[in-house]
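my_file_12.cif, holding mmCIF, C-alpha atoms:
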```cif
data_query
#
loop_
_atom_site.group_PDB
_atom_site.id
_atom_site.type_symbol
_atom_site.label_atom_id
_atom_site.label_comp_id
_atom_site.auth_asym_id
_atom_site.auth_seq_id
_atom_site.Cartn_x
_atom_site.Cartn_y
_atom_site.Cartn_z
ATOM 1 C CA MET R 876 19.526 17.876 33.619
ATOM 2 C CA VAL R 877 17.236 17.938 36.646
ATOM 3 C CA SER R 878 18.112 17.859 40.300
ATOM 4 C CA GLY R 879 15.826 16.882 43.178
ATOM 5 C CA ALA R 880 13.789 13.812 43.965
ATOM 6 C CA ALA R 881 10.109 14.607 43.411
ATOM 7 C CA PRO R 882 8.603 16.396 40.414
ATOM 8 C CA SER R 883 7.446 19.277 42.606
ATOM 9 C CA SER R 884 11.003 20.069 43.679
ATOM 10 C CA PHE R 885 12.689 19.535 40.294
ATOM 11 C CA ARG R 886 15.099 22.228 39.249
ATOM 12 C CA LEU R 887 16.295 22.613 35.717
ATOM 13 C CA ASN R 888 19.814 23.673 34.776
ATOM 14 C CA SER R 889 20.315 27.262 33.743
ATOM 15 C CA VAL R 890 22.295 26.011 30.725
ATOM 16 C CA ASP R 891 21.058 23.448 28.185
ATOM 17 C CA ARG R 892 23.144 20.484 26.990
ATOM 18 C CA HIS R 893 24.580 22.571 24.155
ATOM 19 C CA GLY R 894 25.855 25.132 26.659
ATOM 20 C CA ARG R 895 23.253 27.766 25.788
ATOM 21 C CA GLN R 896 22.205 30.046 28.631
ATOM 22 C CA ILE R 897 18.548 30.030 29.742
ATOM 23 C CA ASP R 898 17.044 33.376 30.707
ATOM 24 C CA PRO R 899 16.013 33.377 34.443
ATOM 25 C CA SER R 900 12.388 34.255 33.599
ATOM 26 C CA VAL R 901 12.211 31.418 31.050
ATOM 27 C CA LEU R 902 13.865 29.030 33.511
ATOM 28 C CA ALA R 903 11.217 29.911 36.109
ATOM 29 C CA ALA R 904 8.460 29.384 33.523
ATOM 30 C CA ALA R 905 9.932 26.026 32.485
ATOM 31 C CA GLU R 906 10.100 24.887 36.125
ATOM 32 C CA THR R 907 6.481 25.949 36.621
ATOM 33 C CA ILE R 908 5.279 23.798 33.751
ATOM 34 C CA PHE R 909 7.638 20.903 34.499
ATOM 35 C CA PRO R 910 4.966 18.615 36.091
ATOM 36 C CA LYS R 911 2.687 19.189 33.068
ATOM 37 C CA ALA R 912 5.601 18.626 30.675
ATOM 38 C CA LEU R 913 6.468 15.448 32.548
ATOM 39 C CA ASP R 914 2.897 14.148 32.138
ATOM 40 C CA TYR R 915 2.963 14.843 28.421
ATOM 41 C CA GLY R 916 6.529 13.733 27.786
ATOM 42 C CA GLN R 917 6.423 10.480 29.726
ATOM 43 C CA SER R 918 3.904 8.859 27.403
ATOM 44 C CA LEU R 919 5.915 9.792 24.307
ATOM 45 C CA LEU R 920 9.563 10.024 25.383
ATOM 46 C CA GLY R 921 9.435 7.836 28.481
ATOM 47 C CA ASP R 922 12.779 8.747 30.034
ATOM 48 C CA LEU R 923 12.784 11.523 32.650
ATOM 49 C CA ALA R 924 16.299 12.648 31.694
ATOM 50 C CA VAL R 925 15.287 12.984 28.032
ATOM 51 C CA ILE R 926 12.232 15.027 29.025
ATOM 52 C CA ALA R 927 14.334 17.362 31.185
ATOM 53 C CA ASN R 928 16.964 17.778 28.446
ATOM 54 C CA THR R 929 14.260 18.536 25.899
ATOM 55 C CA LEU R 930 12.629 21.092 28.182
ATOM 56 C CA GLU R 931 16.001 22.765 28.825
ATOM 57 C CA GLU R 932 16.678 22.945 25.074
ATOM 58 C CA VAL R 933 13.249 24.427 24.451
ATOM 59 C CA ALA R 934 13.843 26.945 27.244
ATOM 60 C CA ALA R 935 17.192 27.920 25.679
ATOM 61 C CA ASN R 936 15.456 28.391 22.286
ATOM 62 C CA VAL R 937 12.798 30.601 23.907
ATOM 63 C CA SER R 938 15.537 32.600 25.681
ATOM 64 C CA GLN R 939 17.270 33.234 22.339
ATOM 65 C CA ARG R 940 13.963 34.256 20.800
ATOM 66 C CA MET R 941 13.300 36.667 23.676
ATOM 67 C CA ALA R 942 16.760 38.189 23.282
ATOM 68 C CA ARG R 943 15.984 39.075 19.666
ATOM 69 C CA ARG R 944 14.889 42.649 19.113
ATOM 70 C CA ASP R 945 11.688 43.491 17.271
ATOM 71 C CA SER R 946 11.498 46.246 14.607
ATOM 72 C CA SER R 947 11.323 48.982 17.258
ATOM 73 C CA GLY R 948 14.487 47.682 18.912
ATOM 74 C CA GLU R 949 12.664 46.280 21.929
ATOM 75 C CA PRO R 950 13.051 42.657 23.053
ATOM 76 C CA GLU R 951 10.215 40.435 21.784
ATOM 77 C CA ALA R 952 7.458 40.378 24.394
ATOM 78 C CA ILE R 953 5.756 37.075 25.248
ATOM 79 C CA ARG R 954 2.566 37.524 27.228
ATOM 80 C CA ASN R 955 2.058 34.065 28.720
ATOM 81 C CA LEU R 956 5.581 32.748 29.094
ATOM 82 C CA PRO R 957 4.775 29.399 30.822
ATOM 83 C CA GLY R 958 2.090 28.663 28.195
ATOM 84 C CA TYR R 959 4.510 29.616 25.413
ATOM 85 C CA VAL R 960 7.263 27.353 26.798
ATOM 86 C CA PHE R 961 4.801 24.467 27.195
ATOM 87 C CA ARG R 962 3.532 24.768 23.604
ATOM 88 C CA ALA R 963 7.120 24.904 22.338
ATOM 89 C CA PHE R 964 7.901 21.800 24.424
ATOM 90 C CA VAL R 965 4.891 19.906 22.981
ATOM 91 C CA ARG R 966 5.962 20.784 19.426
ATOM 92 C CA GLU R 967 9.519 19.622 20.114
ATOM 93 C CA VAL R 968 8.355 16.327 21.689
ATOM 94 C CA ASN R 969 6.084 15.666 18.695
ATOM 95 C CA ARG R 970 8.947 16.434 16.296
ATOM 96 C CA LEU R 971 11.252 14.022 18.133
ATOM 97 C CA LYS R 972 8.574 11.338 18.180
ATOM 98 C CA ASN R 973 7.869 11.702 14.443
ATOM 99 C CA LYS R 974 11.597 11.508 13.717
ATOM 100 C CA GLU R 975 11.863 8.346 15.813
ATOM 101 C CA LEU R 976 8.892 6.778 13.989
ATOM 102 C CA ALA R 977 10.380 7.664 10.597
ATOM 103 C CA VAL R 978 13.684 5.988 11.530
ATOM 104 C CA LEU R 979 11.789 2.947 12.815
ATOM 105 C CA ASP R 980 9.727 2.721 9.609
ATOM 106 C CA ALA R 981 12.894 2.874 7.510
ATOM 107 C CA ALA R 982 14.490 0.116 9.611
ATOM 108 C CA VAL R 983 11.412 -2.121 9.292
ATOM 109 C CA GLU R 984 11.233 -1.470 5.549
ATOM 110 C CA GLY R 985 14.931 -2.334 5.174
ATOM 111 C CA GLN R 986 14.501 -5.529 7.170
ATOM 112 C CA THR R 987 11.458 -6.597 5.145
ATOM 113 C CA LEU R 988 13.344 -5.971 1.922
ATOM 114 C CA ALA R 989 16.356 -7.972 3.116
ATOM 115 C CA GLN R 990 14.051 -10.828 4.164
ATOM 116 C CA ARG R 991 12.307 -10.825 0.787
ATOM 117 C CA LEU R 992 15.574 -10.808 -1.127
ATOM 118 C CA ALA R 993 16.879 -13.713 0.966
ATOM 119 C CA ASP R 994 14.033 -15.864 -0.384
ATOM 120 C CA PRO R 995 15.338 -17.918 -3.381
ATOM 121 C CA ALA R 996 11.950 -17.825 -5.141
ATOM 122 C CA ARG R 997 11.903 -14.041 -4.828
ATOM 123 C CA GLN R 998 15.491 -13.833 -6.085
ATOM 124 C CA LEU R 999 14.538 -15.814 -9.173
ATOM 125 C CA GLU R 1000 11.514 -13.605 -9.750
ATOM 126 C CA MET R 1001 13.628 -10.445 -9.439
ATOM 127 C CA LYS R 1002 16.334 -11.858 -11.707
ATOM 128 C CA VAL R 1003 13.829 -12.668 -14.439
ATOM 129 C CA LEU R 1004 12.184 -9.279 -14.053
ATOM 130 C CA VAL R 1005 15.458 -7.329 -14.198
ATOM 131 C CA LYS R 1006 16.696 -9.264 -17.233
ATOM 132 C CA GLU R 1007 13.409 -8.845 -19.068
ATOM 133 C CA CYS R 1008 13.230 -5.155 -18.247
ATOM 134 C CA LEU R 1009 16.741 -4.504 -19.531
ATOM 135 C CA ALA R 1010 16.035 -6.515 -22.682
ATOM 136 C CA ARG R 1011 12.714 -4.822 -23.446
ATOM 137 C CA PHE R 1012 13.347 -1.237 -22.274
ATOM 138 C CA ASP R 1013 13.985 1.294 -25.004
ATOM 139 C CA PHE R 1014 17.105 3.487 -24.875
ATOM 140 C CA THR R 1015 15.502 6.209 -22.744
ATOM 141 C CA GLU R 1016 13.985 3.804 -20.223
ATOM 142 C CA ARG R 1017 17.291 1.966 -19.887
ATOM 143 C CA ASP R 1018 19.144 5.239 -19.351
ATOM 144 C CA MET R 1019 16.626 6.193 -16.642
ATOM 145 C CA CYS R 1020 17.320 2.829 -15.058
ATOM 146 C CA TRP R 1021 21.120 3.409 -15.031
ATOM 147 C CA ARG R 1022 20.727 6.811 -13.424
ATOM 148 C CA ARG R 1023 18.192 5.614 -10.885
ATOM 149 C CA LEU R 1024 20.541 2.759 -9.972
ATOM 150 C CA GLU R 1025 23.169 5.341 -9.046
ATOM 151 C CA GLY R 1026 20.705 7.243 -6.859
ATOM 152 C CA PHE R 1027 19.719 10.070 -9.217
ATOM 153 C CA THR R 1028 16.388 11.650 -8.288
ATOM 154 C CA TRP R 1029 13.563 11.923 -10.818
ATOM 155 C CA ASP R 1030 14.167 15.697 -10.709
ATOM 156 C CA GLU R 1031 17.658 15.008 -12.051
ATOM 157 C CA ILE R 1032 16.643 12.290 -14.509
ATOM 158 C CA GLY R 1033 13.678 14.062 -16.125
ATOM 159 C CA PRO R 1034 15.594 17.002 -17.696
ATOM 160 C CA VAL R 1035 18.209 14.642 -19.229
ATOM 161 C CA HIS R 1036 15.397 13.332 -21.438
ATOM 162 C CA GLU R 1037 13.482 16.603 -21.737
ATOM 163 C CA LEU R 1038 10.752 15.373 -19.407
ATOM 164 C CA SER R 1039 9.394 16.579 -16.092
ATOM 165 C CA ALA R 1040 10.342 14.573 -13.014
ATOM 166 C CA HIS R 1041 6.800 13.211 -12.797
ATOM 167 C CA ALA R 1042 6.632 12.274 -16.476
ATOM 168 C CA ALA R 1043 9.972 10.475 -16.238
ATOM 169 C CA GLU R 1044 8.861 8.516 -13.193
ATOM 170 C CA VAL R 1045 5.518 7.585 -14.767
ATOM 171 C CA ARG R 1046 7.206 6.506 -17.995
ATOM 172 C CA PHE R 1047 9.631 4.270 -16.129
ATOM 173 C CA ARG R 1048 6.941 2.718 -13.932
ATOM 174 C CA ASN R 1049 4.738 2.070 -16.954
ATOM 175 C CA ALA R 1050 7.648 0.404 -18.739
ATOM 176 C CA VAL R 1051 8.206 -1.926 -15.759
ATOM 177 C CA ARG R 1052 4.478 -2.592 -15.522
ATOM 178 C CA ALA R 1053 4.337 -3.527 -19.217
ATOM 179 C CA VAL R 1054 7.219 -5.989 -18.808
ATOM 180 C CA LYS R 1055 5.563 -7.514 -15.730
ATOM 181 C CA ALA R 1056 2.285 -7.885 -17.616
ATOM 182 C CA LYS R 1057 4.101 -9.685 -20.449
ATOM 183 C CA LEU R 1058 5.777 -12.000 -17.952
ATOM 184 C CA VAL R 1059 2.458 -12.843 -16.300
ATOM 185 C CA ARG R 1060 0.890 -13.605 -19.695
ATOM 186 C CA SER R 1061 3.799 -15.790 -20.775
ATOM 187 C CA ARG R 1062 3.993 -17.683 -17.482
ATOM 188 C CA LYS R 1063 4.763 -21.343 -18.217
ATOM 189 C CA PRO R 1064 5.074 -24.208 -15.754
ATOM 190 C CA LEU R 1065 8.678 -24.648 -14.710
ATOM 191 C CA PRO R 1066 10.268 -28.113 -14.717
ATOM 192 C CA PRO R 1067 9.463 -30.022 -11.528
ATOM 193 C CA THR R 1068 12.216 -30.602 -8.984
ATOM 194 C CA ALA R 1069 13.327 -34.131 -8.084
ATOM 195 C CA GLN R 1070 11.171 -33.995 -4.956
ATOM 196 C CA THR R 1071 7.982 -32.974 -6.745
ATOM 197 C CA ALA R 1072 8.637 -35.512 -9.509
ATOM 198 C CA GLN R 1073 8.949 -38.189 -6.827
ATOM 199 C CA ASN R 1074 5.705 -37.035 -5.198
ATOM 200 C CA GLU R 1075 3.919 -37.092 -8.542
ATOM 201 C CA GLN R 1076 5.153 -40.665 -9.138
ATOM 202 C CA LEU R 1077 3.693 -41.685 -5.790
ATOM 203 C CA MET R 1078 0.284 -40.147 -6.508
ATOM 204 C CA PRO R 1079 -1.173 -43.079 -8.521
ATOM 205 C CA ALA R 1080 -0.043 -45.529 -5.813
ATOM 206 C CA MET R 1081 -1.670 -43.407 -3.121
ATOM 207 C CA GLU R 1082 -4.900 -43.235 -5.128
ATOM 208 C CA ALA R 1083 -4.823 -47.034 -5.516
ATOM 209 C CA ASP R 1084 -4.410 -47.393 -1.731
ATOM 210 C CA ASP R 1085 -7.478 -45.189 -1.245
ATOM 211 C CA ASP R 1086 -9.492 -47.309 -3.683
ATOM 212 C CA GLU R 1087 -8.464 -50.489 -1.849
ATOM 213 C CA ARG R 1088 -9.545 -49.030 1.497
ATOM 214 C CA LYS R 1089 -12.958 -48.077 0.058
ATOM 215 C CA THR R 1090 -13.616 -51.601 -1.258
ATOM 216 C CA MET B 1129 10.406 -25.878 -8.326
ATOM 217 C CA THR B 1130 6.684 -26.568 -8.476
ATOM 218 C CA THR B 1131 4.070 -24.651 -10.461
ATOM 219 C CA LYS B 1132 2.968 -23.067 -7.195
ATOM 220 C CA GLU B 1133 6.489 -21.741 -6.502
ATOM 221 C CA LYS B 1134 7.246 -20.267 -9.916
ATOM 222 C CA PRO B 1135 7.496 -16.474 -10.375
ATOM 223 C CA GLU B 1136 4.235 -14.583 -9.937
ATOM 224 C CA PHE B 1137 5.109 -10.973 -10.978
ATOM 225 C CA ASN B 1138 1.679 -9.873 -9.771
ATOM 226 C CA ASP B 1139 2.610 -7.758 -6.766
ATOM 227 C CA GLU B 1140 3.141 -3.999 -6.744
ATOM 228 C CA PHE B 1141 6.412 -2.620 -8.110
ATOM 229 C CA ASN B 1142 8.807 -2.076 -5.208
ATOM 230 C CA GLU B 1143 11.393 0.355 -6.514
ATOM 231 C CA ALA B 1144 13.883 -0.165 -3.679
ATOM 232 C CA GLU B 1145 13.743 -3.929 -4.142
ATOM 233 C CA PHE B 1146 14.025 -3.714 -7.920
ATOM 234 C CA PHE B 1147 17.023 -1.383 -7.951
ATOM 235 C CA GLY B 1148 18.656 -3.033 -4.931
ATOM 236 C CA PHE B 1149 18.555 -6.393 -6.662
ATOM 237 C CA ALA B 1150 19.452 -5.008 -10.107
ATOM 238 C CA LYS B 1151 22.565 -3.251 -8.834
ATOM 239 C CA SER B 1152 23.963 -6.259 -7.003
ATOM 240 C CA TYR B 1153 23.039 -8.599 -9.880
ATOM 241 C CA LEU B 1154 24.481 -6.501 -12.717
ATOM 242 C CA SER B 1155 27.658 -5.688 -10.806
ATOM 243 C CA GLU B 1156 28.620 -9.385 -10.506
ATOM 244 C CA ALA B 1157 26.671 -11.584 -12.920
ATOM 245 C CA PHE B 1158 28.700 -10.833 -16.103
ATOM 246 C CA PRO B 1159 32.447 -10.893 -15.302
ATOM 247 C CA ASN B 1160 33.704 -10.552 -18.921
ATOM 248 C CA PRO B 1161 37.406 -10.978 -17.989
ATOM 249 C CA GLN B 1162 38.533 -10.645 -21.643
ATOM 250 C CA ARG B 1163 36.584 -7.371 -21.858
ATOM 251 C CA VAL B 1164 34.931 -8.510 -25.081
ATOM 252 C CA GLY B 1165 33.074 -5.719 -26.888
ATOM 253 C CA CYS B 1166 33.699 -3.105 -24.194
ATOM 254 C CA PRO B 1167 33.295 0.526 -25.305
ATOM 255 C CA PRO B 1168 36.096 2.998 -24.495
ATOM 256 C CA ASP B 1169 35.816 5.013 -21.286
ATOM 257 C CA SER B 1170 35.217 8.187 -23.289
ATOM 258 C CA ASP B 1171 32.004 6.696 -24.744
ATOM 259 C CA LEU B 1172 30.705 5.988 -21.261
ATOM 260 C CA GLN B 1173 31.653 9.513 -20.158
ATOM 261 C CA GLN B 1174 29.768 11.015 -23.099
ATOM 262 C CA MET B 1175 26.716 8.877 -22.445
ATOM 263 C CA ALA B 1176 26.669 9.907 -18.783
ATOM 264 C CA GLU B 1177 26.949 13.618 -19.633
ATOM 265 C CA GLN B 1178 24.286 13.607 -22.335
ATOM 266 C CA PRO B 1179 22.849 10.350 -23.632
ATOM 267 C CA VAL B 1180 22.152 10.305 -27.383
ATOM 268 C CA GLU B 1181 20.432 7.220 -28.710
ATOM 269 C CA ALA B 1182 22.049 7.263 -32.166
ATOM 270 C CA ARG B 1183 25.513 7.392 -30.624
ATOM 271 C CA ASP B 1184 25.093 5.504 -27.320
ATOM 272 C CA ALA B 1185 22.583 2.717 -27.984
ATOM 273 C CA GLY B 1186 25.332 0.090 -28.318
ATOM 274 C CA ALA B 1187 27.146 1.134 -25.145
ATOM 275 C CA SER B 1188 23.905 1.246 -23.163
ATOM 276 C CA LYS B 1189 22.956 -2.245 -24.332
ATOM 277 C CA HIS B 1190 26.475 -3.521 -23.554
ATOM 278 C CA LEU B 1191 26.070 -2.509 -19.886
ATOM 279 C CA THR B 1192 23.283 -5.083 -19.522
ATOM 280 C CA SER B 1193 25.773 -7.917 -20.101
ATOM 281 C CA CYS B 1194 29.161 -6.681 -18.835
ATOM 282 C CA SER B 1195 29.711 -6.203 -15.099
ATOM 283 C CA PRO B 1196 33.066 -4.339 -15.393
ATOM 284 C CA CYS B 1197 31.510 -1.759 -17.747
ATOM 285 C CA PHE B 1198 28.388 -1.555 -15.606
ATOM 286 C CA ASN B 1199 30.506 -0.880 -12.511
ATOM 287 C CA ARG B 1200 32.614 1.698 -14.369
ATOM 288 C CA TYR B 1201 29.474 3.451 -15.633
ATOM 289 C CA MET B 1202 28.063 3.591 -12.102
ATOM 290 C CA GLU B 1203 31.340 5.231 -10.998
ATOM 291 C CA ILE B 1204 31.095 7.777 -13.803
ATOM 292 C CA LEU B 1205 27.485 8.569 -12.895
ATOM 293 C CA ALA B 1206 28.423 8.904 -9.215
ATOM 294 C CA ASN B 1207 31.186 11.396 -10.120
ATOM 295 C CA LEU B 1208 28.776 13.295 -12.344
ATOM 296 C CA LYS B 1209 26.227 13.452 -9.539
ATOM 297 C CA ARG B 1210 28.893 14.745 -7.127
ATOM 298 C CA ARG B 1211 30.053 17.380 -9.623
ATOM 299 C CA LYS B 1212 26.493 18.566 -10.208
ATOM 300 C CA ALA B 1213 25.829 18.702 -6.468
ATOM 301 C CA ALA B 1214 28.956 20.843 -6.068
ATOM 302 C CA GLY B 1215 27.562 23.177 -8.752
ATOM 303 C CA GLN B 1216 30.340 22.720 -11.294
#
```

Structure re-expressed in C-alpha cells:
Amino acid sequence: MVSGAAPSSFRLNSVDRHGRQIDPSVLAAAETIFPKALDYGQSLLGDLAVIANTLEEVAANVSQRMARRDSSGEPEAIRNLPGYVFRAFVREVNRLKNKELAVLDAAVEGQTLAQRLADPARQLEMKVLVKECLARFDFTERDMCWRRLEGFTWDEIGPVHELSAHAAEVRFRNAVRAVKAKLVRSRKPLPPTAQTAQNEQLMPAMEADDDERKT
Amino acid sequence: MTTKEKPEFNDEFNEAEFFGFAKSYLSEAFPNPQRVGCPPDSDLQQMAEQPVEARDAGASKHLTSCSPCFNRYMEILANLKRRKAAGQ
C-alpha cells in the first residue's frame, strides 16, 4: 500500500500484499514510474489502493525474476528497469481488466438466460423443443445429450462414439437444428385463450360500430 | 395463447438455455413413483461406461420419461467424470 498524500511523494511498501520482498532497485524503479502508472491505472482500475497493490505485486514479480540466475550463473540483467516495471504493470492491469470483463459477461449472460427462462412462452417453447429432440434423436445423439447435460466436454463425448470433438458437436447441433426445422414446418395455430376468444367475439360488433359512424 | 404468442423455434440454438431447461425439466417432470419399467442400476452403469445401442437403446429411451432414472443416470455420469478426471 502507498503512504503520502500527493502522487509525487508516494512511497510503495517494500513487501507486496502476499508478503514477497521487493528488491530496493525495483522498488525505486516502481516509485519512479508511479505517476505514469497512476495515469494508466486510474482509467482502468479506478481505485488508487488497487493500483498501488498491483504495482507492488508487479515489482515483487520483477524482483523474483531478477533474483533468478541465467545460464552463466549471473543474475538476469534488465537494462531499463523503470521501463520494464511499467510494461509489466500495463500487462497486469490489462489482464485484470480482461478478467473483470469476462466475469461481467458471464453474469450478464446468466441473467439474460434466467430472464428468458422465466418467460412462460419461452418455457413452453423449450419444453416442446426438448421433448421433440429426445423423441427424434437417434441413440448416439441422445447419449451425447445425456453426457452434455452432466457437463461432459465435446472432447470427452467425441471418443465415446468414435468421433472427434468437433464432429460430435456438429452432429449434435445438426440434430437439434433438424428438429427445430421440423417444428417450424409443423407449426399449427394453438387454441385461443379465453381472453382472445372474447376479443374475437367483440370484433364484429366493433366493425359494425365503425360502419355506423361512417354512415 | 394467441397465434402471435405460440412457439417460434426460429432463433439460434442456445446450448446453455437448452441444457439448463432440459436438466431441470427431466429431473422433475416424470416422477414414476412405482418405478414402472426402470432398468437395473447395472444397466445404467454399463451404458455410462460404454454405450452400446443394441444393449442400451431401451434404457436410454426410458430416461426420457422417468425422472428417478434420469437423476440416477446423471449421478452415475458425474461419478464417471470425477473418476476420469482423477485418472483412474

>> When the PyMOL selection byres ((chain R and resi 887) around 9) is applied to the structure above, which residues does it catch, written out as a ChimeraX atom specification?
In response: /R:876-878,885-886,888-891,902-903,905-906,909,927-928,930-931

> If we count all atoms listed in the file, what is near segment 1140-1155 of chain B at a cut-off of 8 Å, once residues fewer than 4 positions away on the same chain are taken out, given as a list of chain:residue names?
Replying inline: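 The residues that qualify are R:Leu988, R:Leu992, R:Met1001, R:Lys1002, R:Val1005, R:Arg1023, R:Leu1024, R:Arg1048, R:Val1051, R:Arg1052, B:Thr1192, B:Ser1193, B:Cys1194, B:Ser1195, B:Pro1196, B:Phe1198, B:Asn1199.
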
>> Give me the residues near Lys1212 of chain B as number ranges by chain, where near means some atom within 12 Å (using only C-alpha atoms) and where sequence neighbours in that chain fewer than 6 positions away do not count.
In response: R: 1027, 1031; B: 1177, 1205-1206

>> Within 12 Å of (5.2, 22.3, 34.2) in the file's own coordinates, which protein, DNA or RNA residues have an atom, counting all atoms listed in the file? List them as a PyMOL selection string.
In response: chain R and resi 882-887+901-916+926-927+930+956-962+964-965

> Of the residues R:Glu1044, R:Glu1007, R:Asp1013, R:Glu1000, which is the one nearest to chain B, using only C-alpha atoms?
Replying inline: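 Of R:Glu1044, R:Glu1007, R:Asp1013, R:Glu1000, the one nearest chain B is R:Glu1000, counting only C-alpha atoms.
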
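Counting only C-alpha atoms and comparing B:Phe1158, B:Tyr1201, B:Ala1214, B:Pro1168, the residue that lies closest to chain R is B:Tyr1201.
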
> Using only C-alpha atoms, which of the listed residues (B:Ala1213, B:Met1202, B:Pro1167, B:Glu1156) sits closest to Ala1185 of chain B?
Replying inline: B:Pro1167

> Of the residues R:Asp1030, R:Arg1046, R:Ser900, R:Arg1017, which is the one nearest to chain B, using only C-alpha atoms?
Replying inline: R:Arg1017

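Shortest separation to Pro1159 of chain B among B:Gln1173, B:Ser1188, B:Glu1181, B:Cys1197 occurs at residue B:Cys1197, atoms counted being all atoms listed in the file.
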
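Of the listed residues B:Gln1174, B:Gly1186, B:Asn1160, B:Gly1165, the one whose atoms come nearest to chain R is B:Gly1186, with distances taken using all atoms listed in the file.
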
Please rebuild segment 889-901 of chain R with N, CA and C atoms and give the result as a PDB file, in the frame of the given file.
```pdb
ATOM      1  N   SER R 889      20.452  25.953  34.393  1.00  0.00           N
ATOM      2  CA  SER R 889      20.315  27.262  33.743  1.00  0.00           C
ATOM      3  C   SER R 889      21.030  27.285  32.390  1.00  0.00           C
ATOM      4  N   VAL R 890      21.613  26.147  32.022  1.00  0.00           N
ATOM      5  CA  VAL R 890      22.295  26.011  30.725  1.00  0.00           C
ATOM      6  C   VAL R 890      21.796  24.712  30.104  1.00  0.00           C
ATOM      7  N   ASP R 891      21.500  24.709  28.793  1.00  0.00           N
ATOM      8  CA  ASP R 891      21.058  23.448  28.185  1.00  0.00           C
ATOM      9  C   ASP R 891      22.272  22.588  27.811  1.00  0.00           C
ATOM     10  N   ARG R 892      22.019  21.398  27.217  1.00  0.00           N
ATOM     11  CA  ARG R 892      23.144  20.484  26.990  1.00  0.00           C
ATOM     12  C   ARG R 892      24.088  20.960  25.886  1.00  0.00           C
ATOM     13  N   HIS R 893      23.681  21.991  25.165  1.00  0.00           N
ATOM     14  CA  HIS R 893      24.580  22.571  24.155  1.00  0.00           C
ATOM     15  C   HIS R 893      25.333  23.777  24.716  1.00  0.00           C
ATOM     16  N   GLY R 894      25.141  24.029  26.019  1.00  0.00           N
ATOM     17  CA  GLY R 894      25.855  25.132  26.659  1.00  0.00           C
ATOM     18  C   GLY R 894      25.190  26.484  26.458  1.00  0.00           C
ATOM     19  N   ARG R 895      23.940  26.492  25.997  1.00  0.00           N
ATOM     20  CA  ARG R 895      23.253  27.766  25.788  1.00  0.00           C
ATOM     21  C   ARG R 895      22.584  28.215  27.084  1.00  0.00           C
ATOM     22  N   GLN R 896      22.743  29.489  27.392  1.00  0.00           N
ATOM     23  CA  GLN R 896      22.205  30.046  28.631  1.00  0.00           C
ATOM     24  C   GLN R 896      20.677  30.154  28.562  1.00  0.00           C
ATOM     25  N   ILE R 897      20.013  29.876  29.690  1.00  0.00           N
ATOM     26  CA  ILE R 897      18.548  30.030  29.742  1.00  0.00           C
ATOM     27  C   ILE R 897      18.247  31.284  30.569  1.00  0.00           C
ATOM     28  N   ASP R 898      17.430  32.143  30.013  1.00  0.00           N
ATOM     29  CA  ASP R 898      17.044  33.376  30.707  1.00  0.00           C
ATOM     30  C   ASP R 898      16.339  33.019  32.021  1.00  0.00           C
ATOM     31  N   PRO R 899      16.634  33.733  33.144  1.00  0.00           N
ATOM     32  CA  PRO R 899      16.013  33.377  34.443  1.00  0.00           C
ATOM     33  C   PRO R 899      14.484  33.333  34.400  1.00  0.00           C
ATOM     34  N   SER R 900      13.863  34.264  33.640  1.00  0.00           N
ATOM     35  CA  SER R 900      12.388  34.255  33.599  1.00  0.00           C
ATOM     36  C   SER R 900      11.877  33.009  32.840  1.00  0.00           C
ATOM     37  N   VAL R 901      12.611  32.606  31.820  1.00  0.00           N
ATOM     38  CA  VAL R 901      12.211  31.418  31.050  1.00  0.00           C
ATOM     39  C   VAL R 901      12.451  30.171  31.897  1.00  0.00           C
TER      40      VAL R 901
END
```
